[in-house]
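start-v2.cif, holding mmCIF, C-alpha atoms:
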```cif
data_my_file
loop_
_atom_site.label_atom_id
_atom_site.label_comp_id
_atom_site.auth_asym_id
_atom_site.auth_seq_id
_atom_site.Cartn_x
_atom_site.Cartn_y
_atom_site.Cartn_z
CA MET P 1 -4.80 -1.26 5.29
CA LYS P 2 -6.56 -4.62 5.55
CA LEU P 3 -4.94 -7.70 4.05
CA ASN P 4 -7.81 -8.23 1.60
CA GLU P 5 -7.50 -4.62 0.41
CA LEU P 6 -3.78 -5.06 -0.28
CA MET P 7 -4.27 -8.35 -2.11
CA LYS P 8 -6.87 -6.96 -4.52
CA GLY P 9 -3.99 -5.91 -6.75
CA TYR P 10 -2.14 -9.24 -6.59
CA GLU P 11 -2.71 -12.79 -7.74
CA PRO P 12 -0.18 -15.15 -6.10
CA LYS P 13 0.92 -18.04 -8.30
CA GLU P 14 2.04 -21.15 -6.45
CA SER P 15 4.37 -22.05 -9.30
CA TYR P 16 6.14 -18.64 -9.33
CA GLU P 17 9.84 -18.87 -10.15
CA GLY P 18 12.23 -15.93 -9.99
CA TRP P 19 13.92 -13.34 -7.81
CA VAL P 20 12.24 -12.09 -4.65
CA THR P 21 12.67 -8.69 -2.99
CA ASN P 22 11.83 -7.69 0.57
CA ASP P 23 8.82 -5.79 -0.80
CA ASP P 24 7.39 -9.15 -1.88
CA TYR P 25 6.72 -10.22 1.71
CA VAL P 26 3.54 -9.38 3.61
CA PHE P 27 3.35 -9.17 7.39
CA ALA P 28 -0.14 -8.63 8.80
CA ILE P 29 -1.42 -8.67 12.38
CA ASP P 30 -4.70 -9.18 14.19
CA THR P 31 -5.68 -5.89 15.83
CA ALA P 32 -8.54 -7.50 17.79
CA PRO P 33 -6.97 -10.68 19.19
CA GLY P 34 -9.28 -10.83 22.20
CA ALA P 35 -12.54 -10.42 20.30
CA ALA P 36 -15.38 -12.88 20.95
CA THR P 37 -15.41 -13.74 17.24
CA PRO P 38 -11.98 -14.62 15.75
CA THR P 39 -10.78 -12.08 13.21
CA GLU P 40 -10.78 -13.26 9.60
CA LYS P 41 -7.24 -13.21 8.23
CA GLY P 42 -8.40 -10.95 5.41
CA ASP P 43 -9.20 -8.35 8.10
CA TYR P 44 -5.70 -8.40 9.61
CA ALA P 45 -3.90 -5.04 9.41
CA VAL P 46 -0.90 -5.01 7.07
CA VAL P 47 2.28 -3.65 8.63
CA GLU P 48 3.58 -1.43 5.83
CA MET P 49 2.65 2.26 6.14
CA GLY P 50 5.81 4.22 7.01
CA ILE P 51 7.79 1.00 7.42
CA ALA P 52 11.31 1.10 5.98
CA GLY P 53 12.60 -2.20 7.34
CA LEU P 54 11.02 -5.61 7.95
CA ASP P 55 13.68 -7.98 9.23
CA ALA P 56 12.37 -11.55 9.56
CA GLN P 57 14.67 -13.75 11.62
CA LEU P 58 14.49 -17.44 12.56
CA ASN P 59 16.97 -17.26 15.46
CA PRO P 60 17.85 -20.96 15.74
CA VAL P 61 18.55 -22.27 19.25
CA THR P 62 21.44 -24.72 19.48
CA GLN P 63 23.33 -26.74 22.04
CA ASP P 64 27.03 -27.60 21.68
CA LYS P 65 28.51 -30.70 23.25
CA GLN P 66 31.81 -32.51 23.14
CA TYR P 67 31.55 -36.27 22.64
CA ILE P 68 34.22 -38.93 23.16
CA ARG P 69 36.10 -39.62 19.92
CA SER P 70 33.55 -37.49 18.03
CA GLY P 71 34.58 -33.96 18.90
CA GLN P 72 32.34 -30.95 19.07
CA SER P 73 28.74 -31.47 17.94
CA THR P 74 25.91 -29.00 17.54
CA THR P 75 22.29 -29.97 18.03
CA LYS P 76 19.48 -27.65 16.98
CA THR P 77 16.95 -27.52 19.81
CA GLY P 78 14.49 -24.92 18.61
CA THR P 79 13.66 -21.85 16.56
CA GLN P 80 12.62 -18.46 17.93
CA ARG P 81 10.91 -16.63 15.06
CA SER P 82 10.99 -12.84 15.28
CA PHE P 83 10.24 -9.80 13.14
CA ALA P 84 11.98 -6.45 13.64
CA VAL P 85 10.02 -3.55 12.20
CA THR P 86 11.55 -0.08 11.81
CA GLY P 87 10.29 3.03 10.10
CA ASP P 88 8.56 6.34 10.65
CA ARG P 89 5.44 7.06 12.70
CA TYR P 90 2.26 7.40 10.67
CA ALA P 91 -0.71 8.38 12.83
CA SER P 92 -4.07 6.69 12.14
CA ASP P 93 -2.49 3.68 10.46
CA GLU P 94 -4.35 0.74 11.97
CA ALA P 95 -1.30 -1.48 12.51
CA GLN P 96 0.88 1.29 13.97
CA ASP P 97 -1.88 2.67 16.19
CA PHE P 98 -2.52 -0.81 17.61
CA CYS P 99 1.16 -1.58 18.28
CA LEU P 100 1.88 1.85 19.74
CA SER P 101 -1.23 2.06 21.90
CA HIS P 102 -0.73 2.58 25.64
CA LYS P 103 -1.96 -0.96 26.25
CA MET P 104 0.75 -2.47 24.02
CA LYS P 105 3.61 -0.21 25.11
CA TYR P 106 3.17 -0.95 28.80
CA GLY P 107 1.38 -4.30 28.63
CA THR P 108 2.80 -7.66 29.67
CA GLY P 109 2.01 -11.34 29.19
CA ASN P 110 -1.20 -12.18 27.35
CA GLY P 111 -1.97 -8.47 27.02
CA VAL P 112 0.60 -8.04 24.25
CA ILE P 113 0.02 -11.26 22.31
CA THR P 114 -1.57 -11.21 18.87
CA ASN P 115 -1.96 -13.37 15.77
CA TYR P 116 -0.03 -12.83 12.55
CA VAL P 117 0.46 -14.07 9.00
CA TYR P 118 3.65 -13.70 7.02
CA PHE P 119 3.87 -14.78 3.41
CA ASN P 120 5.35 -14.17 -0.01
CA ILE P 121 3.04 -12.09 -2.18
CA LEU P 122 4.29 -13.82 -5.35
CA ASN P 123 3.38 -17.40 -4.47
CA GLY P 124 1.17 -16.91 -1.40
CA LYS P 125 3.27 -19.23 0.78
CA GLY P 126 4.27 -18.44 4.34
CA GLU P 127 3.25 -19.01 7.94
CA GLU P 128 0.74 -18.08 10.60
CA GLY P 129 1.21 -17.97 14.35
CA GLN P 130 1.17 -15.91 17.52
CA CYS P 131 3.65 -13.33 18.71
CA SER P 132 4.36 -10.92 21.55
CA ILE P 133 4.56 -7.24 20.58
CA ILE P 134 7.60 -5.48 22.05
CA VAL P 135 7.85 -1.73 21.48
CA ASN P 136 11.47 -0.56 21.68
CA SER P 137 10.81 3.01 20.53
CA ASP P 138 7.58 4.84 19.87
CA GLY P 139 9.31 7.87 18.36
CA SER P 140 12.87 9.11 18.12
CA GLY P 141 14.98 11.42 15.99
CA ASN P 142 16.44 14.89 15.76
CA ALA P 143 14.64 18.18 15.19
CA GLY P 144 13.04 18.32 11.77
CA GLU P 145 13.38 14.57 11.17
CA SER P 146 10.62 12.01 10.92
CA SER P 147 9.72 10.31 14.20
CA ALA P 148 11.33 6.86 14.03
CA ILE P 149 9.72 3.74 15.51
CA ASP P 150 11.17 0.35 16.41
CA ILE P 151 8.92 -2.62 17.17
CA GLU P 152 9.68 -6.32 17.59
CA PHE P 153 7.30 -9.23 17.18
CA ARG P 154 8.53 -12.45 18.79
CA LYS P 155 6.97 -15.87 18.48
CA ILE P 156 5.17 -17.21 21.53
CA GLY P 157 3.75 -20.67 22.15
CA ALA P 158 3.65 -23.34 19.46
CA ASN P 159 5.72 -23.08 16.31
CA PRO P 160 4.02 -21.23 13.44
CA LYS P 161 1.94 -23.30 11.00
CA GLU P 162 2.29 -23.32 7.24
CA TYR P 163 0.01 -20.80 5.59
CA THR P 164 -1.02 -20.21 1.99
CA TYR P 165 -2.93 -17.07 1.07
CA ASN P 166 -6.22 -17.77 -0.70
CA ALA P 167 -8.24 -14.95 -2.20
CA PRO P 168 -11.72 -14.63 -0.68
CA THR P 169 -14.40 -16.27 -2.79
CA THR P 170 -17.36 -14.22 -3.97
CA PRO P 171 -20.75 -15.77 -4.73
CA LEU P 172 -21.13 -16.56 -8.42
CA GLU P 173 -23.63 -14.37 -10.21
CA ALA P 174 -26.03 -16.01 -12.60
CA PRO P 175 -25.39 -15.04 -16.24
CA PRO P 176 -28.01 -12.72 -17.84
CA GLU P 177 -29.41 -15.58 -19.98
CA ALA P 178 -30.09 -17.67 -16.87
CA GLU P 179 -31.79 -14.71 -15.17
CA ALA P 180 -33.96 -14.13 -18.24
CA GLN P 181 -34.89 -17.82 -18.34
CA GLN P 182 -35.82 -17.79 -14.65
CA ALA P 183 -37.94 -14.69 -15.18
CA SER P 184 -39.84 -16.29 -18.10
CA VAL P 185 -40.48 -19.46 -16.04
CA LYS P 186 -41.85 -17.33 -13.17
CA ALA P 187 -44.04 -15.39 -15.59
CA ALA P 188 -45.39 -18.62 -17.12
CA ARG P 189 -46.18 -20.01 -13.66
CA SER P 190 -47.95 -16.79 -12.68
CA ALA P 191 -50.00 -16.86 -15.87
CA SER P 192 -50.88 -20.53 -15.35
CA THR P 193 -51.97 -19.83 -11.75
CA ALA P 194 -54.06 -16.82 -12.84
CA SER P 195 -55.89 -18.82 -15.53
CA LYS P 196 -57.02 -21.44 -13.00
#
```
Just give me the structure as structure tokens.
Amino acid sequence: MKLNELMKGYEPKESYEGWVTNDDYVFAIDTAPGAATPTEKGDYAVVEMGIAGLDAQLNPVTQDKQYIRSGQSTTKTGTQRSFAVTGDRYASDEAQDFCLSHKMKYGTGNGVITNYVYFNILNGKGEEGQCSIIVNSDGSGNAGESSAIDIEFRKIGANPKEYTYNAPTTPLEAPPEAEAQQASVKAARSASTASK
């Protein structure tokens, strides 16, 4: 499912106040990161079909040091954003098929990097960035059970940027009265031209 298709049923409100569940977060990825034309975010594939768990972690990086007469001190030196996705295999889902393709399972370096957006569906606020796709399992389980998958997405490069989802704008249609007025003006001009 494309991001724009999912969001047709939602209208994020920046001023939303209230409880949030894990179902209220959207994680979508670019399935054509190497294309000549950058993929519109609305065309990113939503990671949701067959997914039971989306575990978003910030993984802070710290350094501990002992200072004279100050004792132990901790300095935060970075943040390693990651997403752990678990669930059941659903063939022909765009996001799953992309992540579990031969290229992604065995790829390295730039070959497994893609773009992502992650945001709250209630207020539209979140982040955008790049991540490496790491497939831990492309199918596991016992006889008769669903085939379980386990995929990690780990930040690469610069820290993610703030992102706010904005619904795509559609061209405004002229109201019927305006169309009728334009038609009568055209007709009058045609009649005036014909009479000359």
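Atom CA of Ser82 of chain P to atom CA of Gly107 of chain P spans 18.5 Å [interatomic distance, one decimal].
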Using the chain letters and numbers from the file, give me the residues hit by the PyMOL selection byres ((chain P and resi 129) around 12), as a ChimeraX atom specification. /P:27-30,33,41,80-82,113-119,126-128,130-132,153-163
Apply the PyMOL selection byres ((chain P and resi 150) around 7) to the displayed file and report the matching residues as a PDB file with C-alpha atoms, keeping the file's coordinate frame.
```
ATOM      1  CA  VAL P  85      10.020  -3.550  12.200  1.00  0.00           C
ATOM      2  CA  THR P  86      11.550  -0.080  11.810  1.00  0.00           C
ATOM      3  CA  GLY P  87      10.290   3.030  10.100  1.00  0.00           C
ATOM      4  CA  VAL P 135       7.850  -1.730  21.480  1.00  0.00           C
ATOM      5  CA  ASN P 136      11.470  -0.560  21.680  1.00  0.00           C
ATOM      6  CA  SER P 137      10.810   3.010  20.530  1.00  0.00           C
ATOM      7  CA  ASP P 138       7.580   4.840  19.870  1.00  0.00           C
ATOM      8  CA  ALA P 148      11.330   6.860  14.030  1.00  0.00           C
ATOM      9  CA  ILE P 149       9.720   3.740  15.510  1.00  0.00           C
ATOM     10  CA  ILE P 151       8.920  -2.620  17.170  1.00  0.00           C
ATOM     11  CA  GLU P 152       9.680  -6.320  17.590  1.00  0.00           C
TER      12      GLU P 152
END
```
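Relative to atom CA of Ile133 of chain P, atom CA of Met104 of chain P is found at 7.0 Å.
Minimum atom-to-atom distances from P:Gly34, P:Gly71, P:Gly42, P:Gly18 to Glu5 of chain P were compared using all atoms listed in the file, and the lowest value belongs to P:Gly42.
For the set P:Gln96, P:Ser73, P:Thr62, P:Thr164, the residue with the smallest atom-to-atom gap to Glu14 of chain P is P:Thr164, counting only C-alpha atoms.
Proximity to Tyr106 of chain P was assessed for P:Asn59, P:Ile134, P:Leu54, P:Glu11 counting all atoms listed in the file; the smallest distance is recorded for P:Ile134.
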Determine, counting only C-alpha atoms, which protein, DNA and RNA residues have an atom within 10 Å of an atom of Leu6 of chain P; residues of the same chain fewer than 2 positions away are not included. Present the result as a CSV table (one decimal) with C-alpha atoms, in the coordinates of the input.
```csv
chain,number,residue,atom,x,y,z
P,1,MET,CA,-4.8,-1.3,5.3
P,2,LYS,CA,-6.6,-4.6,5.6
P,3,LEU,CA,-4.9,-7.7,4.0
P,4,ASN,CA,-7.8,-8.2,1.6
P,8,LYS,CA,-6.9,-7.0,-4.5
P,9,GLY,CA,-4.0,-5.9,-6.8
P,10,TYR,CA,-2.1,-9.2,-6.6
P,26,VAL,CA,3.5,-9.4,3.6
P,42,GLY,CA,-8.4,-11.0,5.4
P,45,ALA,CA,-3.9,-5.0,9.4
P,46,VAL,CA,-0.9,-5.0,7.1
P,121,ILE,CA,3.0,-12.1,-2.2
```
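The spacing separating atom CA of Ala95 of chain P from atom CA of Thr39 of chain P amounts to 14.2 Å.
In terms of minimum interatomic distance to Gly78 of chain P, P:Pro60 ranks closest within P:Pro60, P:Ala35, P:Gln66, P:Tyr44, counting all atoms listed in the file.
Of the residues listed (P:Asp43, P:Asp64, P:Asp93, P:Asp88), P:Asp43 shows the shortest atom-to-atom separation from Met7 of chain P; distances use all atoms listed in the file.
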